[in-house]
Amino acid sequence: MPSLIPIWFDIDGTILHTRAGLGAFQKALFDTYGWQDSFESVVFAGNTDLQVLMDLSRVHAGDENAGLKDCHRLFDCMAGHLDAGLAERPPQMVPGAAELIQTLVEDPQVLLGLITGNARDCAFIKLKHVDLDVHFSGGGFGDQHADRNQLASLAKSQLSEKHVDLAPGWIIGDTPRDIEAAKHIGARCLGVSCHFSPAELREAGADEVVEDLSPNDELMALLLG
Ligand SMILES: [Mg+2]
């Protein structure tokens with residue numbers, strides 16, 4: 001019996017692009033804490049929603065833990081704003097991402113998952129707007145831990161509890177943080193060049209880099225080989 005191959009996707013910059021997340025975060029931040037922020041001091045790419053909240057808490061309240069008590073209210077509120085924002089401006093797909101996911105879903109060897117900085121509800125709202133939410137269930141989400149490496153560990157342990165014969169698997173992501181998370185759990189990383197150049201992603205340790213996720217023979221052999 002061949003090993004099962006976990007393949008975990010990041011969302012933003014890997015499956016899709018949207019600006020709606022920033023607006024939703026800003027509105028929810030104001031609704032929940034009364035904080036107004038233009039996000040000039042915050043890095044979103046590769047970061048978790050919890051880490052962004054902690055960075056903003058430091059700026060607005062002088063204590064990175066100040067916002068944590070109400071973070072569930074923040075993320076609920078953000079999900080509502082995000083859903084409305086995406087209805088107005090649908091996400092744009094990363095080339096080949098939908099086709100790759102459809103192909104992997106049909107392969108009985110593959111266990112699909114998510115490792116994303118998005119809070120869980122926000123992750124599934126983004127995927128719902130591109131009709132891909134039904135293909136995913138578990139993984140690691142940005143409201144579970146501020147550290148992306150820990151999200152990867154959570155995602156891996158979910159699968160290890162259910163399956164004994166797991167291959168190291170892959171994380172597919174667009175930033176050096178995705179690559180770091182893959183190394184953290186002994187998985188390989190397929191870099192998607194978008195914000196970062198192929199050279200930057202290779203330098204950060206990506207095992208392979210693509211600009212288009214179309215499931216050609218070469219890419220499928222790499223992921224499933
Ligand atoms: Mg990303």
# chains A, B, ... in the order shown; residues from 1 in each chain; ligands from 1
>>> residues_near_ligand(ligand="ligand 1", cutoff="10 Å", atoms="only C-alpha atoms and all ligand atoms", output="list in words")
Phe9, Asp10, Ile11, Asp12, Gly13, Thr14, Ile15, Leu16, His17, Phe44, Ala45, Gly46, Asn47, Thr48, Ile115, Thr116, Gly117, Asn118, Ile172, Gly173, Asp174, Thr175, Pro176, Arg177, Asp178, Val192, Cys194 and His195 of chain A
>>> write_last_selection(atoms="N, CA and C atoms", output="mmCIF file, in the first residue's frame")
data_model
loop_
_atom_site.group_PDB
_atom_site.id
_atom_site.type_symbol
_atom_site.label_atom_id
_atom_site.label_comp_id
_atom_site.auth_asym_id
_atom_site.auth_seq_id
_atom_site.Cartn_x
_atom_site.Cartn_y
_atom_site.Cartn_z
ATOM 1 N N PHE A 9 -2.066 23.494 1.197
ATOM 2 C CA PHE A 9 -2.030 24.757 0.458
ATOM 3 C C PHE A 9 -2.125 25.947 1.405
ATOM 4 N N ASP A 10 -1.292 26.926 1.125
ATOM 5 C CA ASP A 10 -1.525 28.276 1.615
ATOM 6 C C ASP A 10 -2.668 28.852 0.745
ATOM 7 N N ILE A 11 -3.259 29.954 1.134
ATOM 8 C CA ILE A 11 -4.360 30.514 0.318
ATOM 9 C C ILE A 11 -3.926 31.778 -0.436
ATOM 10 N N ASP A 12 -3.622 32.854 0.313
ATOM 11 C CA ASP A 12 -3.359 34.143 -0.353
ATOM 12 C C ASP A 12 -2.033 34.117 -1.110
ATOM 13 N N GLY A 13 -2.095 34.444 -2.391
ATOM 14 C CA GLY A 13 -0.891 34.438 -3.215
ATOM 15 C C GLY A 13 -0.541 33.054 -3.743
ATOM 16 N N THR A 14 -1.267 32.032 -3.259
ATOM 17 C CA THR A 14 -0.992 30.649 -3.676
ATOM 18 C C THR A 14 -2.175 30.079 -4.464
ATOM 19 N N ILE A 15 -3.387 30.255 -3.898
ATOM 20 C CA ILE A 15 -4.598 29.825 -4.617
ATOM 21 C C ILE A 15 -5.261 31.036 -5.287
ATOM 22 N N LEU A 16 -5.270 32.146 -4.559
ATOM 23 C CA LEU A 16 -6.000 33.313 -5.062
ATOM 24 C C LEU A 16 -5.360 34.606 -4.572
ATOM 25 N N HIS A 17 -5.806 35.694 -5.202
ATOM 26 C CA HIS A 17 -5.420 37.045 -4.778
ATOM 27 C C HIS A 17 -6.681 37.818 -4.445
ATOM 28 N N PHE A 44 1.510 41.501 6.126
ATOM 29 C CA PHE A 44 0.503 40.446 6.006
ATOM 30 C C PHE A 44 1.046 39.190 5.327
ATOM 31 N N ALA A 45 1.872 39.378 4.290
ATOM 32 C CA ALA A 45 2.311 38.224 3.483
ATOM 33 C C ALA A 45 3.022 37.196 4.353
ATOM 34 N N GLY A 46 2.471 36.001 4.394
ATOM 35 C CA GLY A 46 3.087 34.905 5.140
ATOM 36 C C GLY A 46 2.804 34.939 6.627
ATOM 37 N N ASN A 47 2.147 36.016 7.090
ATOM 38 C CA ASN A 47 1.882 36.157 8.521
ATOM 39 C C ASN A 47 0.536 35.530 8.892
ATOM 40 N N THR A 48 0.345 35.271 10.174
ATOM 41 C CA THR A 48 -0.946 34.747 10.624
ATOM 42 C C THR A 48 -1.812 35.906 11.117
ATOM 43 N N ILE A 115 -2.685 25.130 5.151
ATOM 44 C CA ILE A 115 -1.886 25.758 6.212
ATOM 45 C C ILE A 115 -1.834 27.222 5.831
ATOM 46 N N THR A 116 -2.644 28.004 6.521
ATOM 47 C CA THR A 116 -2.865 29.386 6.104
ATOM 48 C C THR A 116 -2.888 30.324 7.298
ATOM 49 N N GLY A 117 -2.439 31.527 7.067
ATOM 50 C CA GLY A 117 -2.489 32.543 8.113
ATOM 51 C C GLY A 117 -3.889 33.082 8.349
ATOM 52 N N ASN A 118 -4.824 32.756 7.465
ATOM 53 C CA ASN A 118 -6.208 33.188 7.644
ATOM 54 C C ASN A 118 -6.848 32.479 8.833
ATOM 55 N N ILE A 172 2.470 23.991 -0.288
ATOM 56 C CA ILE A 172 2.511 24.853 -1.462
ATOM 57 C C ILE A 172 2.207 26.270 -0.989
ATOM 58 N N GLY A 173 3.190 27.166 -1.171
ATOM 59 C CA GLY A 173 3.003 28.517 -0.635
ATOM 60 C C GLY A 173 3.844 29.541 -1.369
ATOM 61 N N ASP A 174 3.570 30.809 -1.093
ATOM 62 C CA ASP A 174 4.193 31.881 -1.890
ATOM 63 C C ASP A 174 5.207 32.729 -1.129
ATOM 64 N N THR A 175 5.475 32.391 0.139
ATOM 65 C CA THR A 175 6.429 33.228 0.886
ATOM 66 C C THR A 175 7.471 32.361 1.605
ATOM 67 N N PRO A 176 8.587 32.974 1.991
ATOM 68 C CA PRO A 176 9.591 32.222 2.768
ATOM 69 C C PRO A 176 9.018 31.626 4.050
ATOM 70 N N ARG A 177 7.955 32.206 4.596
ATOM 71 C CA ARG A 177 7.361 31.634 5.817
ATOM 72 C C ARG A 177 6.711 30.272 5.558
ATOM 73 N N ASP A 178 6.159 30.103 4.347
ATOM 74 C CA ASP A 178 5.602 28.791 3.992
ATOM 75 C C ASP A 178 6.725 27.755 3.915
ATOM 76 N N VAL A 192 5.357 29.263 -4.935
ATOM 77 C CA VAL A 192 4.593 29.891 -6.011
ATOM 78 C C VAL A 192 5.090 31.327 -6.117
ATOM 79 N N CYS A 194 5.133 34.963 -6.808
ATOM 80 C CA CYS A 194 4.127 36.007 -7.002
ATOM 81 C C CYS A 194 4.740 37.278 -6.415
ATOM 82 N N HIS A 195 4.731 37.413 -5.085
ATOM 83 C CA HIS A 195 5.390 38.552 -4.436
ATOM 84 C C HIS A 195 6.905 38.360 -4.397
#
>>> closest_atom_pairs(of="region 131-156 of chain A", to="region 101-107 of chain A", cutoff="10 Å", atoms="only C-alpha atoms", output="Markdown table")
| residue | atom | partner | partner_atom | distance |
| --- | --- | --- | --- | --- |
| A:Leu132 | CA | A:Ile101 | CA | 8.1 |
| A:His135 | CA | A:Val105 | CA | 6.8 |
| A:Phe136 | CA | A:Val105 | CA | 9.2 |
>>> closest_residue(among="A:Pro95, A:Gly191, A:Gly139, A:Pro108", to="Asp212 (chain A)", atoms="only C-alpha atoms")
A:Pro95
>>> select_by_dssp(residues="region 27-116 of chain A", states="strand (DSSP E)", output="ChimeraX atom specification")
/A:92-93,110-115
>>> write_last_selection(atoms="N, CA and C atoms", output="PDB file, in the first residue's frame")
ATOM      1  N   GLN A  92      -9.181  36.874  -7.485  1.00  0.00           N
ATOM      2  CA  GLN A  92      -8.600  36.421  -8.753  1.00  0.00           C
ATOM      3  C   GLN A  92      -7.797  35.164  -8.466  1.00  0.00           C
ATOM      4  N   MET A  93      -7.895  34.218  -9.370  1.00  0.00           N
ATOM      5  CA  MET A  93      -7.199  32.951  -9.164  1.00  0.00           C
ATOM      6  C   MET A  93      -5.731  33.050  -9.567  1.00  0.00           C
ATOM      7  N   VAL A 110      -3.706  11.199  -2.246  1.00  0.00           N
ATOM      8  CA  VAL A 110      -3.449  12.548  -1.742  1.00  0.00           C
ATOM      9  C   VAL A 110      -4.409  12.924  -0.614  1.00  0.00           C
ATOM     10  N   LEU A 111      -3.853  13.519   0.430  1.00  0.00           N
ATOM     11  CA  LEU A 111      -4.660  14.116   1.500  1.00  0.00           C
ATOM     12  C   LEU A 111      -4.499  15.623   1.390  1.00  0.00           C
ATOM     13  N   LEU A 112      -5.556  16.308   1.001  1.00  0.00           N
ATOM     14  CA  LEU A 112      -5.469  17.765   0.815  1.00  0.00           C
ATOM     15  C   LEU A 112      -5.737  18.493   2.121  1.00  0.00           C
ATOM     16  N   GLY A 113      -4.970  19.542   2.369  1.00  0.00           N
ATOM     17  CA  GLY A 113      -5.202  20.342   3.565  1.00  0.00           C
ATOM     18  C   GLY A 113      -4.804  21.783   3.344  1.00  0.00           C
ATOM     19  N   LEU A 114      -5.008  22.585   4.370  1.00  0.00           N
ATOM     20  CA  LEU A 114      -4.661  24.006   4.320  1.00  0.00           C
ATOM     21  C   LEU A 114      -3.680  24.323   5.437  1.00  0.00           C
ATOM     22  N   ILE A 115      -2.685  25.130   5.151  1.00  0.00           N
ATOM     23  CA  ILE A 115      -1.886  25.758   6.212  1.00  0.00           C
ATOM     24  C   ILE A 115      -1.834  27.222   5.831  1.00  0.00           C
TER      25      ILE A 115
END
>>> closest_residue(among="A:Pro91, A:Asp83, A:Ser153, A:Gln51", to="Leu68 (chain A)", atoms="only C-alpha atoms")
A:Gln51
>>> select_by_dssp(residues="region 29-207 of chain A", states="helix (DSSP H, G or I)", output="number ranges by chain")
A: 29-33, 49-61, 68-88, 97-105, 120-128, 133-135, 148-162, 176-184, 198-203
>>> atom_distance(atom1="CA of Ala181 (chain A)", atom2="CA of Arg148 (chain A)")
6.3 Å
>>> atom_distance(atom1="CA of Ser3 (chain A)", atom2="CA of Arg202 (chain A)")
26.8 Å
>>> closest_residue(among="A:Leu224, A:Val130, A:Ala199, A:Leu4", to="Lys162 (chain A)", atoms="only C-alpha atoms")
A:Leu4
>>> closest_residue(among="A:His72, A:His60, A:Lys126, A:His145", to="Trp35 (chain A)", atoms="only C-alpha atoms")
A:His60
>>> decode(residues="region 111-128 of chain A", atoms="N, CA and C atoms", output="short mmCIF file (atom, residue, chain, number, x, y, z; two decimals), in the first residue's frame")
data_model
loop_
_atom_site.label_atom_id
_atom_site.label_comp_id
_atom_site.auth_asym_id
_atom_site.auth_seq_id
_atom_site.Cartn_x
_atom_site.Cartn_y
_atom_site.Cartn_z
N LEU A 111 -3.85 13.52 0.43
CA LEU A 111 -4.66 14.12 1.50
C LEU A 111 -4.50 15.62 1.39
N LEU A 112 -5.56 16.31 1.00
CA LEU A 112 -5.47 17.77 0.82
C LEU A 112 -5.74 18.49 2.12
N GLY A 113 -4.97 19.54 2.37
CA GLY A 113 -5.20 20.34 3.56
C GLY A 113 -4.80 21.78 3.34
N LEU A 114 -5.01 22.58 4.37
CA LEU A 114 -4.66 24.01 4.32
C LEU A 114 -3.68 24.32 5.44
N ILE A 115 -2.68 25.13 5.15
CA ILE A 115 -1.89 25.76 6.21
C ILE A 115 -1.83 27.22 5.83
N THR A 116 -2.64 28.00 6.52
CA THR A 116 -2.86 29.39 6.10
C THR A 116 -2.89 30.32 7.30
N GLY A 117 -2.44 31.53 7.07
CA GLY A 117 -2.49 32.54 8.11
C GLY A 117 -3.89 33.08 8.35
N ASN A 118 -4.82 32.76 7.47
CA ASN A 118 -6.21 33.19 7.64
C ASN A 118 -6.85 32.48 8.83
N ALA A 119 -7.66 33.23 9.58
CA ALA A 119 -8.53 32.58 10.56
C ALA A 119 -9.41 31.58 9.80
N ARG A 120 -9.80 30.49 10.47
CA ARG A 120 -10.48 29.39 9.78
C ARG A 120 -11.71 29.86 8.98
N ASP A 121 -12.60 30.61 9.61
CA ASP A 121 -13.82 31.03 8.89
C ASP A 121 -13.47 31.88 7.68
N CYS A 122 -12.49 32.75 7.82
CA CYS A 122 -12.08 33.61 6.71
C CYS A 122 -11.47 32.78 5.58
N ALA A 123 -10.70 31.76 5.94
CA ALA A 123 -10.11 30.88 4.92
C ALA A 123 -11.21 30.25 4.08
N PHE A 124 -12.23 29.71 4.76
CA PHE A 124 -13.28 29.02 4.01
C PHE A 124 -14.17 29.99 3.23
N ILE A 125 -14.32 31.21 3.72
CA ILE A 125 -15.08 32.21 2.95
C ILE A 125 -14.33 32.55 1.66
N LYS A 126 -13.03 32.75 1.76
CA LYS A 126 -12.26 33.03 0.54
C LYS A 126 -12.41 31.88 -0.46
N LEU A 127 -12.28 30.65 0.03
CA LEU A 127 -12.37 29.49 -0.87
C LEU A 127 -13.78 29.31 -1.43
N LYS A 128 -14.78 29.67 -0.62
CA LYS A 128 -16.18 29.55 -1.08
C LYS A 128 -16.42 30.45 -2.29
#
